[in-house]
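Below: query-v9.cif (mmCIF, C-alpha atoms and all ligand atoms)
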data_work
#
loop_
_atom_site.group_PDB
_atom_site.id
_atom_site.type_symbol
_atom_site.label_atom_id
_atom_site.label_comp_id
_atom_site.auth_asym_id
_atom_site.auth_seq_id
_atom_site.Cartn_x
_atom_site.Cartn_y
_atom_site.Cartn_z
ATOM 1 C CA MET A 1 196.954 -68.164 154.370
ATOM 2 C CA SER A 2 200.612 -69.045 154.144
ATOM 3 C CA GLU A 3 203.096 -66.320 155.026
ATOM 4 C CA GLY A 4 204.126 -64.224 152.037
ATOM 5 C CA ILE A 5 201.629 -65.681 149.563
ATOM 6 C CA THR A 6 198.523 -63.725 148.605
ATOM 7 C CA ILE A 7 195.855 -64.816 146.138
ATOM 8 C CA LYS A 8 193.546 -62.419 144.322
ATOM 9 C CA VAL A 9 191.415 -62.027 141.217
ATOM 10 C CA GLY A 10 192.561 -59.333 138.820
ATOM 11 C CA ASP A 11 194.321 -58.142 135.689
ATOM 12 C CA ILE A 12 198.038 -58.638 136.351
ATOM 13 C CA THR A 13 199.016 -55.709 134.096
ATOM 14 C CA LYS A 14 197.436 -53.321 136.619
ATOM 15 C CA GLU A 15 199.211 -54.570 139.724
ATOM 16 C CA ASN A 16 201.285 -52.205 141.839
ATOM 17 C CA ILE A 17 204.167 -54.557 142.448
ATOM 18 C CA ASP A 18 207.944 -54.678 141.906
ATOM 19 C CA ALA A 19 207.863 -57.411 139.253
ATOM 20 C CA VAL A 20 205.205 -59.047 137.092
ATOM 21 C CA VAL A 21 205.820 -62.521 135.672
ATOM 22 C CA ASN A 22 204.781 -63.101 132.062
ATOM 23 C CA ALA A 23 203.605 -66.521 130.832
ATOM 24 C CA ALA A 24 205.479 -66.250 127.532
ATOM 25 C CA ASN A 25 206.578 -68.701 124.810
ATOM 26 C CA ASN A 26 210.064 -69.823 123.743
ATOM 27 C CA SER A 27 210.442 -66.967 121.235
ATOM 28 C CA LEU A 28 209.687 -64.228 123.833
ATOM 29 C CA LEU A 29 208.266 -62.248 120.917
ATOM 30 C CA GLY A 30 204.721 -61.912 122.212
ATOM 31 C CA GLY A 31 201.518 -63.877 121.849
ATOM 32 C CA GLY A 32 197.963 -64.015 123.152
ATOM 33 C CA GLY A 33 196.581 -64.373 126.678
ATOM 34 C CA VAL A 34 198.467 -62.705 129.485
ATOM 35 C CA ASP A 35 201.536 -62.290 127.218
ATOM 36 C CA GLY A 36 199.502 -60.182 124.767
ATOM 37 C CA ALA A 37 198.004 -58.141 127.604
ATOM 38 C CA ILE A 38 201.449 -57.444 129.112
ATOM 39 C CA HIS A 39 202.945 -56.384 125.768
ATOM 40 C CA LYS A 40 199.962 -54.108 125.145
ATOM 41 C CA ALA A 41 200.210 -52.531 128.610
ATOM 42 C CA ALA A 42 204.013 -52.160 128.559
ATOM 43 C CA GLY A 43 204.166 -50.662 125.053
ATOM 44 C CA PRO A 44 206.307 -51.389 121.965
ATOM 45 C CA ARG A 45 209.691 -50.929 123.658
ATOM 46 C CA LEU A 46 209.123 -54.217 125.443
ATOM 47 C CA LEU A 47 209.172 -56.131 122.152
ATOM 48 C CA GLU A 48 212.361 -54.333 121.115
ATOM 49 C CA ASP A 49 213.976 -55.390 124.388
ATOM 50 C CA CYS A 50 212.720 -58.978 124.026
ATOM 51 C CA ARG A 51 214.283 -59.296 120.558
ATOM 52 C CA GLY A 52 217.693 -59.020 122.167
ATOM 53 C CA LEU A 53 217.115 -61.815 124.674
ATOM 54 C CA GLY A 54 217.460 -64.719 122.218
ATOM 55 C CA GLY A 55 214.351 -66.564 123.405
ATOM 56 C CA CYS A 56 213.883 -68.576 126.569
ATOM 57 C CA ALA A 57 213.883 -72.313 127.284
ATOM 58 C CA THR A 58 210.838 -73.918 128.890
ATOM 59 C CA GLY A 59 211.140 -73.680 132.690
ATOM 60 C CA GLU A 60 213.627 -70.788 132.426
ATOM 61 C CA ALA A 61 213.178 -67.025 132.999
ATOM 62 C CA LYS A 62 214.567 -63.730 131.659
ATOM 63 C CA VAL A 63 214.058 -60.146 132.857
ATOM 64 C CA THR A 64 213.204 -56.869 131.109
ATOM 65 C CA GLY A 65 211.985 -53.502 132.306
ATOM 66 C CA GLY A 66 208.288 -52.881 132.888
ATOM 67 C CA TYR A 67 208.076 -49.798 130.630
ATOM 68 C CA LYS A 68 204.564 -48.368 130.795
ATOM 69 C CA MET A 69 203.318 -50.885 133.346
ATOM 70 C CA PRO A 70 203.298 -49.985 137.048
ATOM 71 C CA ALA A 71 205.786 -52.826 137.690
ATOM 72 C CA ARG A 72 209.496 -52.003 137.449
ATOM 73 C CA TRP A 73 210.416 -55.389 135.987
ATOM 74 C CA ILE A 74 208.806 -58.043 133.815
ATOM 75 C CA ILE A 75 210.101 -61.557 134.357
ATOM 76 C CA HIS A 76 209.395 -63.617 131.252
ATOM 77 C CA THR A 77 209.082 -67.311 131.873
ATOM 78 C CA VAL A 78 207.892 -70.205 129.723
ATOM 79 C CA GLY A 79 205.661 -72.859 131.227
ATOM 80 C CA PRO A 80 205.241 -76.323 129.688
ATOM 81 C CA ILE A 81 202.593 -77.253 127.139
ATOM 82 C CA TRP A 82 200.370 -79.954 128.692
ATOM 83 C CA HIS A 83 200.891 -83.308 126.964
ATOM 84 C CA GLY A 84 199.015 -85.483 129.470
ATOM 85 C CA GLY A 85 201.293 -85.189 132.478
ATOM 86 C CA HIS A 86 203.968 -87.797 131.683
ATOM 87 C CA ASP A 87 206.308 -85.472 129.840
ATOM 88 C CA GLY A 88 207.911 -83.727 132.828
ATOM 89 C CA GLU A 89 205.243 -81.031 132.899
ATOM 90 C CA ALA A 90 205.085 -80.700 136.709
ATOM 91 C CA GLY A 91 208.854 -80.314 137.038
ATOM 92 C CA LEU A 92 208.977 -77.743 134.253
ATOM 93 C CA LEU A 93 206.095 -75.755 135.727
ATOM 94 C CA ALA A 94 207.723 -75.742 139.185
ATOM 95 C CA SER A 95 210.966 -74.659 137.511
ATOM 96 C CA ALA A 96 209.200 -71.730 135.799
ATOM 97 C CA TYR A 97 208.040 -70.451 139.214
ATOM 98 C CA ARG A 98 211.373 -71.107 140.926
ATOM 99 C CA ARG A 99 213.538 -69.587 138.179
ATOM 100 C CA SER A 100 211.276 -66.514 138.023
ATOM 101 C CA LEU A 101 211.724 -65.994 141.754
ATOM 102 C CA GLU A 102 215.493 -66.494 141.482
ATOM 103 C CA GLU A 103 215.565 -63.770 138.824
ATOM 104 C CA ALA A 104 213.447 -61.529 141.100
ATOM 105 C CA VAL A 105 216.004 -61.933 143.893
ATOM 106 C CA ARG A 106 218.847 -61.259 141.453
ATOM 107 C CA VAL A 107 217.445 -57.901 140.298
ATOM 108 C CA GLY A 108 216.286 -56.876 143.778
ATOM 109 C CA ALA A 109 212.511 -57.223 143.431
ATOM 110 C CA LYS A 110 210.841 -57.856 146.783
ATOM 111 C CA THR A 111 207.244 -58.278 145.611
ATOM 112 C CA VAL A 112 206.329 -60.467 142.620
ATOM 113 C CA ALA A 113 202.999 -61.127 140.862
ATOM 114 C CA PHE A 114 202.362 -64.356 138.926
ATOM 115 C CA PRO A 115 199.569 -65.329 136.545
ATOM 116 C CA ALA A 116 198.474 -68.987 136.513
ATOM 117 C CA ILE A 117 201.269 -70.086 134.152
ATOM 118 C CA SER A 118 200.402 -72.702 131.475
ATOM 119 C CA THR A 119 196.679 -72.853 132.394
ATOM 120 C CA GLY A 120 195.429 -70.990 129.311
ATOM 121 C CA VAL A 121 196.679 -71.668 125.775
ATOM 122 C CA TYR A 122 199.128 -74.309 127.087
ATOM 123 C CA GLY A 123 196.273 -76.401 128.515
ATOM 124 C CA TYR A 124 197.686 -77.415 131.912
ATOM 125 C CA PRO A 125 194.747 -78.619 134.080
ATOM 126 C CA LYS A 126 193.990 -75.735 136.419
ATOM 127 C CA GLU A 127 193.719 -77.693 139.658
ATOM 128 C CA LYS A 128 196.969 -79.583 139.051
ATOM 129 C CA ALA A 129 198.747 -76.364 138.051
ATOM 130 C CA ALA A 130 197.531 -74.583 141.197
ATOM 131 C CA ALA A 131 199.030 -77.318 143.390
ATOM 132 C CA VAL A 132 202.384 -77.067 141.588
ATOM 133 C CA ALA A 133 202.338 -73.256 141.728
ATOM 134 C CA VAL A 134 201.690 -72.894 145.450
ATOM 135 C CA GLY A 135 204.062 -75.759 146.246
ATOM 136 C CA ALA A 136 206.931 -74.226 144.302
ATOM 137 C CA VAL A 137 206.324 -70.718 145.667
ATOM 138 C CA LYS A 138 205.994 -71.846 149.288
ATOM 139 C CA LYS A 139 209.193 -73.881 149.069
ATOM 140 C CA PHE A 140 211.063 -70.937 147.577
ATOM 141 C CA LEU A 141 209.827 -68.471 150.219
ATOM 142 C CA GLU A 142 210.857 -70.795 153.024
ATOM 143 C CA GLN A 143 214.421 -70.665 151.739
ATOM 144 C CA ASN A 144 214.588 -67.039 150.492
ATOM 145 C CA PRO A 145 213.620 -64.262 152.923
ATOM 146 C CA ALA A 146 214.508 -61.597 150.315
ATOM 147 C CA ILE A 147 211.056 -61.965 148.711
ATOM 148 C CA GLU A 148 208.388 -60.319 150.877
ATOM 149 C CA GLU A 149 205.271 -61.087 148.866
ATOM 150 C CA VAL A 150 204.289 -63.406 146.043
ATOM 151 C CA ARG A 151 200.897 -62.403 144.688
ATOM 152 C CA LEU A 152 199.074 -65.027 142.638
ATOM 153 C CA VAL A 153 196.860 -62.920 140.355
ATOM 154 C CA CYS A 154 194.118 -65.146 138.988
ATOM 155 C CA PHE A 155 191.925 -64.170 136.072
ATOM 156 C CA SER A 156 188.750 -65.711 137.541
ATOM 157 C CA GLU A 157 187.272 -66.400 140.949
ATOM 158 C CA GLU A 158 187.273 -70.112 140.052
ATOM 159 C CA SER A 159 191.036 -70.018 139.503
ATOM 160 C CA ALA A 160 191.580 -68.064 142.743
ATOM 161 C CA GLU A 161 189.550 -70.627 144.675
ATOM 162 C CA LEU A 162 191.655 -73.483 143.262
ATOM 163 C CA HIS A 163 194.795 -71.709 144.452
ATOM 164 C CA ARG A 164 193.311 -71.053 147.923
ATOM 165 C CA GLN A 165 192.392 -74.730 148.218
ATOM 166 C CA ALA A 166 195.822 -75.859 147.046
ATOM 167 C CA LEU A 167 197.476 -73.573 149.596
ATOM 168 C CA ALA A 168 195.184 -74.746 152.387
ATOM 169 C CA ALA A 169 195.958 -78.379 151.513
ATOM 170 C CA LEU A 170 199.663 -77.631 151.621
ATOM 171 C CA THR A 171 199.637 -75.777 154.954
ATOM 172 C CA ALA A 172 197.372 -78.415 156.581
ATOM 173 C CA ARG A 173 200.035 -81.074 156.135
HETATM 174 N N1 LIG B 1 195.927 -61.052 134.132
HETATM 175 C C1 LIG B 1 196.005 -62.210 134.831
HETATM 176 N N2 LIG B 1 195.814 -63.418 134.275
HETATM 177 C C2 LIG B 1 195.528 -63.458 132.949
HETATM 178 C C3 LIG B 1 195.442 -62.303 132.146
HETATM 179 C C4 LIG B 1 195.651 -61.049 132.790
HETATM 180 N N3 LIG B 1 195.593 -59.882 132.120
HETATM 181 N N4 LIG B 1 195.146 -62.690 130.870
HETATM 182 C C5 LIG B 1 195.054 -64.032 130.877
HETATM 183 N N5 LIG B 1 195.267 -64.508 132.133
HETATM 184 P P1 LIG B 1 197.881 -67.876 128.922
HETATM 185 P P2 LIG B 1 199.852 -70.069 128.951
HETATM 186 C C6 LIG B 1 195.304 -65.905 132.623
HETATM 187 O O1 LIG B 1 197.154 -68.512 127.805
HETATM 188 O O2 LIG B 1 198.785 -71.087 129.162
HETATM 189 C C7 LIG B 1 200.575 -66.906 124.894
HETATM 190 O O3 LIG B 1 200.159 -66.795 123.567
HETATM 191 C C8 LIG B 1 194.555 -66.952 131.839
HETATM 192 O O4 LIG B 1 193.176 -66.977 132.195
HETATM 193 O O5 LIG B 1 198.086 -66.411 128.891
HETATM 194 O O6 LIG B 1 201.104 -70.161 129.806
HETATM 195 C C9 LIG B 1 202.077 -67.012 125.029
HETATM 196 O O7 LIG B 1 202.762 -66.258 124.054
HETATM 197 C C10 LIG B 1 195.249 -68.229 132.296
HETATM 198 O O8 LIG B 1 194.697 -68.705 133.535
HETATM 199 O O9 LIG B 1 199.359 -68.549 129.114
HETATM 200 C C11 LIG B 1 202.305 -68.487 124.840
HETATM 201 O O10 LIG B 1 202.338 -68.838 123.471
HETATM 202 C C12 LIG B 1 196.691 -67.765 132.564
HETATM 203 O O11 LIG B 1 196.649 -66.332 132.555
HETATM 204 C C13 LIG B 1 201.102 -69.107 125.486
HETATM 205 O O12 LIG B 1 200.071 -68.125 125.428
HETATM 206 C C14 LIG B 1 197.691 -68.235 131.540
HETATM 207 O O13 LIG B 1 197.111 -68.274 130.245
HETATM 208 C C15 LIG B 1 201.349 -69.439 126.934
HETATM 209 O O14 LIG B 1 200.255 -70.160 127.433
#

What is this file in structure tokens?
Amino acid sequence: MSEGITIKVGDITKENIDAVVNAANNSLLGGGGVDGAIHKAAGPRLLEDCRGLGGCATGEAKVTGGYKMPARWIIHTVGPIWHGGHDGEAGLLASAYRRSLEEAVRVGAKTVAFPAISTGVYGYPKEKAAAVAVGAVKKFLEQNPAIEEVRLVCFSEESAELHRQALAALTAR
């Protein structure tokens, strides 16, 4: 396992961690999947806070409090919708991870949990997304000692295994 990166199966809303990343949409006004679960767990004040953020561009990230969740911060990012892979998807997905971690450093979070961004409603192929995710996180951690742990919280064992394999492939190089 690469230093600073942990991979587990779980419900990200339950994680004891400084910051949880939300796989949101451009409106930042809630949705299904992990976004819906985070809004439900955090409570209605999260939506009030999000209304003031003015949305979020794809590949960007914005921070709110965690409200009723164990996490102190929620970092809302927007991954790309999969259009076949020739529309800059990989760069935008890597940017979503990198910009989320930059925001974590800015607010002082030292431990950050990510869901598998874009691999649900947005249709990004899971294996390809796992490779981008671990690549972007590993690169960031190598350059930013302020982040102590990045926890990739997968919703299924299959997804966790894809991330473990992607990380192993990266560290074997
Ligand atoms: N904990 C961890 N992972 C989860 C959880 C959870 N509680 N719930 C779902 N996942 P998705 P996207 C996994 O669809 O593809 C929303 O409507 C899920 O299995 O939540 O980036 C937003 O508002 C999948 O692997 O996000 C946007 O409109 C991963 O989280 C849109 O969906 C991401 O799936 C964003 O789509």

Residues matched by the PyMOL selection byres (((chain A and resi 170) around 10) and not hetatm), written as an NGL selection string: :A and (2 or 131 or 134-135 or 138 or 164-169 or 171-173)

Shell of 12 Å around range 56-63 of chain A, all atoms listed in the file, local chain residues under 5 positions omitted, as a ChimeraX atom specification: /A:19-29,46,49-51,72-81,88-109,117-118,122

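Between Tyr67 in chain A and the candidates A:Gly84, A:Leu162, A:Leu53, A:Pro44, the tightest atom-to-atom separation, counting only C-alpha atoms, involves A:Pro44.
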
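With atom C4 of ligand LIG 1 (chain B) on one side and CA of Glu149 in chain A on the other, the separation reads 18.7 Å.
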
Separation of CA of Ala133 in chain A from atom C9 of ligand LIG 1 (chain B), in Å and rounded to one decimal: 17.8 Å

Counting all atoms listed in the file, the residue of A:Lys68, A:Lys126, A:Lys139, A:Arg151 that sits nearest ligand LIG 1 (chain B):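 Nearest to ligand LIG 1 (chain B): A:Lys126.
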
Nearest to ligand LIG 1 (chain B), chosen from A:Lys128, A:Lys14, A:His163, A:His83, with all atoms listed in the file counted in the distances: A:Lys14

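Picked by the PyMOL selection byres (((chain A and resi 69) around 7) and not hetatm) from the coordinates shown: Thr13, Ala41, Ala42, Gly66, Tyr67, Lys68, Pro70 and Ala71 of chain A.
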
Exercise: residues within 6 Å of coordinate (199.5, -67.2, 146.2), counting all atoms listed in the file, as a ChimeraX atom specification: /A:5-7,151-152

Nearby residues (only C-alpha atoms) at most 8 Å from Ala160 in chain A, same-chain spacing under 5 positions excluded, as a list in words: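 Selected residues are Ile7, Lys8, Val9, Val153, Cys154 and Phe155 of chain A.
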
Gap from CA of Glu157 in chain A to CA of Gly30 in chain A - Å, one decimal: 26.0 Å

Shortest interatomic distance to Ala146 in chain A - which of A:Gly43, A:Gly31, A:Ala37, A:Thr111, counting only C-alpha atoms: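 Of A:Gly43, A:Gly31, A:Ala37, A:Thr111, the one nearest Ala146 in chain A, counting only C-alpha atoms, is A:Thr111.
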
Using only C-alpha atoms and all ligand atoms: which of A:Asp87, A:Glu48, A:Asp35, A:Glu142 has the shortest distance to ligand LIG 1 (chain B): A:Asp35

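Ranking A:Val34, A:Leu47, A:Val137, A:Val150 by their shortest atom-to-atom distance to ligand LIG 1 (chain B), with only C-alpha atoms and all ligand atoms included, puts A:Val34 first.
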
Hey, can I get the axis-aligned box for range 18-21 of chain A? All listed atoms, 8 Å padding on each side, centre and edge lengths in Å to one decimal, as JSON.
{"center_x": 206.6, "center_y": -58.6, "center_z": 138.8, "size_x": 18.7, "size_y": 23.8, "size_z": 22.2}

Keeping N, CA, C and O atoms, write range 110-134 of chain A of the structure just shown out as an mmCIF file, in the first residue's frame.
data_model
loop_
_atom_site.group_PDB
_atom_site.id
_atom_site.type_symbol
_atom_site.label_atom_id
_atom_site.label_comp_id
_atom_site.auth_asym_id
_atom_site.auth_seq_id
_atom_site.Cartn_x
_atom_site.Cartn_y
_atom_site.Cartn_z
ATOM 1 N N LYS A 110 -6.345 17.447 7.606
ATOM 2 C CA LYS A 110 -5.178 16.570 7.438
ATOM 3 C C LYS A 110 -5.568 15.177 6.961
ATOM 4 O O LYS A 110 -4.727 14.423 6.461
ATOM 5 N N THR A 111 -6.831 14.810 7.146
ATOM 6 C CA THR A 111 -7.306 13.508 6.671
ATOM 7 C C THR A 111 -8.553 13.749 5.807
ATOM 8 O O THR A 111 -9.442 14.513 6.180
ATOM 9 N N VAL A 112 -8.600 13.090 4.647
ATOM 10 C CA VAL A 112 -9.649 13.368 3.659
ATOM 11 C C VAL A 112 -10.185 12.053 3.094
ATOM 12 O O VAL A 112 -9.398 11.193 2.684
ATOM 13 N N ALA A 113 -11.511 11.912 3.067
ATOM 14 C CA ALA A 113 -12.142 10.720 2.484
ATOM 15 C C ALA A 113 -12.786 11.066 1.148
ATOM 16 O O ALA A 113 -13.485 12.086 1.032
ATOM 17 N N PHE A 114 -12.546 10.224 0.147
ATOM 18 C CA PHE A 114 -13.142 10.400 -1.187
ATOM 19 C C PHE A 114 -14.056 9.227 -1.533
ATOM 20 O O PHE A 114 -13.684 8.078 -1.305
ATOM 21 N N PRO A 115 -15.183 9.498 -2.182
ATOM 22 C CA PRO A 115 -15.923 8.422 -2.853
ATOM 23 C C PRO A 115 -15.295 8.247 -4.243
ATOM 24 O O PRO A 115 -14.421 9.033 -4.629
ATOM 25 N N ALA A 116 -15.753 7.238 -4.979
ATOM 26 C CA ALA A 116 -15.243 7.021 -6.340
ATOM 27 C C ALA A 116 -15.987 7.979 -7.280
ATOM 28 O O ALA A 116 -17.000 7.628 -7.905
ATOM 29 N N ILE A 117 -15.458 9.198 -7.374
ATOM 30 C CA ILE A 117 -16.102 10.291 -8.118
ATOM 31 C C ILE A 117 -16.395 9.883 -9.569
ATOM 32 O O ILE A 117 -15.550 9.250 -10.219
ATOM 33 N N SER A 118 -17.563 10.248 -10.039
ATOM 34 C CA SER A 118 -18.021 10.053 -11.438
ATOM 35 C C SER A 118 -18.379 8.617 -11.812
ATOM 36 O O SER A 118 -18.827 8.373 -12.935
ATOM 37 N N THR A 119 -18.189 7.643 -10.893
ATOM 38 C CA THR A 119 -18.399 6.236 -11.296
ATOM 39 C C THR A 119 -19.825 5.742 -11.087
ATOM 40 O O THR A 119 -20.114 4.571 -11.330
ATOM 41 N N GLY A 120 -20.729 6.615 -10.658
ATOM 42 C CA GLY A 120 -22.125 6.231 -10.486
ATOM 43 C C GLY A 120 -22.964 6.816 -11.614
ATOM 44 O O GLY A 120 -22.834 6.427 -12.777
ATOM 45 N N VAL A 121 -23.789 7.799 -11.273
ATOM 46 C CA VAL A 121 -24.674 8.462 -12.230
ATOM 47 C C VAL A 121 -23.902 8.995 -13.451
ATOM 48 O O VAL A 121 -24.407 8.953 -14.577
ATOM 49 N N TYR A 122 -22.669 9.461 -13.241
ATOM 50 C CA TYR A 122 -21.906 10.080 -14.331
ATOM 51 C C TYR A 122 -21.214 9.078 -15.255
ATOM 52 O O TYR A 122 -20.608 9.484 -16.261
ATOM 53 N N GLY A 123 -21.298 7.779 -14.930
ATOM 54 C CA GLY A 123 -20.967 6.718 -15.875
ATOM 55 C C GLY A 123 -19.511 6.507 -16.243
ATOM 56 O O GLY A 123 -19.211 5.842 -17.251
ATOM 57 N N TYR A 124 -18.580 7.047 -15.465
ATOM 58 C CA TYR A 124 -17.155 6.865 -15.781
ATOM 59 C C TYR A 124 -16.806 5.397 -15.526
ATOM 60 O O TYR A 124 -17.088 4.881 -14.447
ATOM 61 N N PRO A 125 -16.182 4.698 -16.482
ATOM 62 C CA PRO A 125 -15.843 3.281 -16.251
ATOM 63 C C PRO A 125 -14.999 3.128 -14.981
ATOM 64 O O PRO A 125 -14.012 3.851 -14.792
ATOM 65 N N LYS A 126 -15.416 2.198 -14.140
ATOM 66 C CA LYS A 126 -14.847 2.124 -12.782
ATOM 67 C C LYS A 126 -13.350 1.856 -12.767
ATOM 68 O O LYS A 126 -12.627 2.429 -11.955
ATOM 69 N N GLU A 127 -12.890 0.977 -13.650
ATOM 70 C CA GLU A 127 -11.462 0.636 -13.635
ATOM 71 C C GLU A 127 -10.625 1.843 -14.085
ATOM 72 O O GLU A 127 -9.594 2.161 -13.482
ATOM 73 N N LYS A 128 -11.083 2.505 -15.131
ATOM 74 C CA LYS A 128 -10.365 3.696 -15.619
ATOM 75 C C LYS A 128 -10.369 4.797 -14.554
ATOM 76 O O LYS A 128 -9.364 5.476 -14.322
ATOM 77 N N ALA A 129 -11.506 4.976 -13.903
ATOM 78 C CA ALA A 129 -11.611 6.023 -12.871
ATOM 79 C C ALA A 129 -10.691 5.719 -11.688
ATOM 80 O O ALA A 129 -10.074 6.632 -11.123
ATOM 81 N N ALA A 130 -10.580 4.445 -11.329
ATOM 82 C CA ALA A 130 -9.722 4.062 -10.200
ATOM 83 C C ALA A 130 -8.265 4.419 -10.504
ATOM 84 O O ALA A 130 -7.543 4.917 -9.633
ATOM 85 N N ALA A 131 -7.837 4.181 -11.734
ATOM 86 C CA ALA A 131 -6.454 4.495 -12.116
ATOM 87 C C ALA A 131 -6.202 6.006 -12.033
ATOM 88 O O ALA A 131 -5.170 6.450 -11.520
ATOM 89 N N VAL A 132 -7.165 6.792 -12.503
ATOM 90 C CA VAL A 132 -7.021 8.255 -12.438
ATOM 91 C C VAL A 132 -7.008 8.718 -10.977
ATOM 92 O O VAL A 132 -6.180 9.553 -10.587
ATOM 93 N N ALA A 133 -7.899 8.147 -10.179
ATOM 94 C CA ALA A 133 -8.029 8.563 -8.772
ATOM 95 C C ALA A 133 -6.734 8.312 -8.012
ATOM 96 O O ALA A 133 -6.179 9.232 -7.386
ATOM 97 N N VAL A 134 -6.223 7.096 -8.058
ATOM 98 C CA VAL A 134 -5.018 6.806 -7.270
ATOM 99 C C VAL A 134 -3.811 7.563 -7.840
ATOM 100 O O VAL A 134 -2.944 8.006 -7.084
#
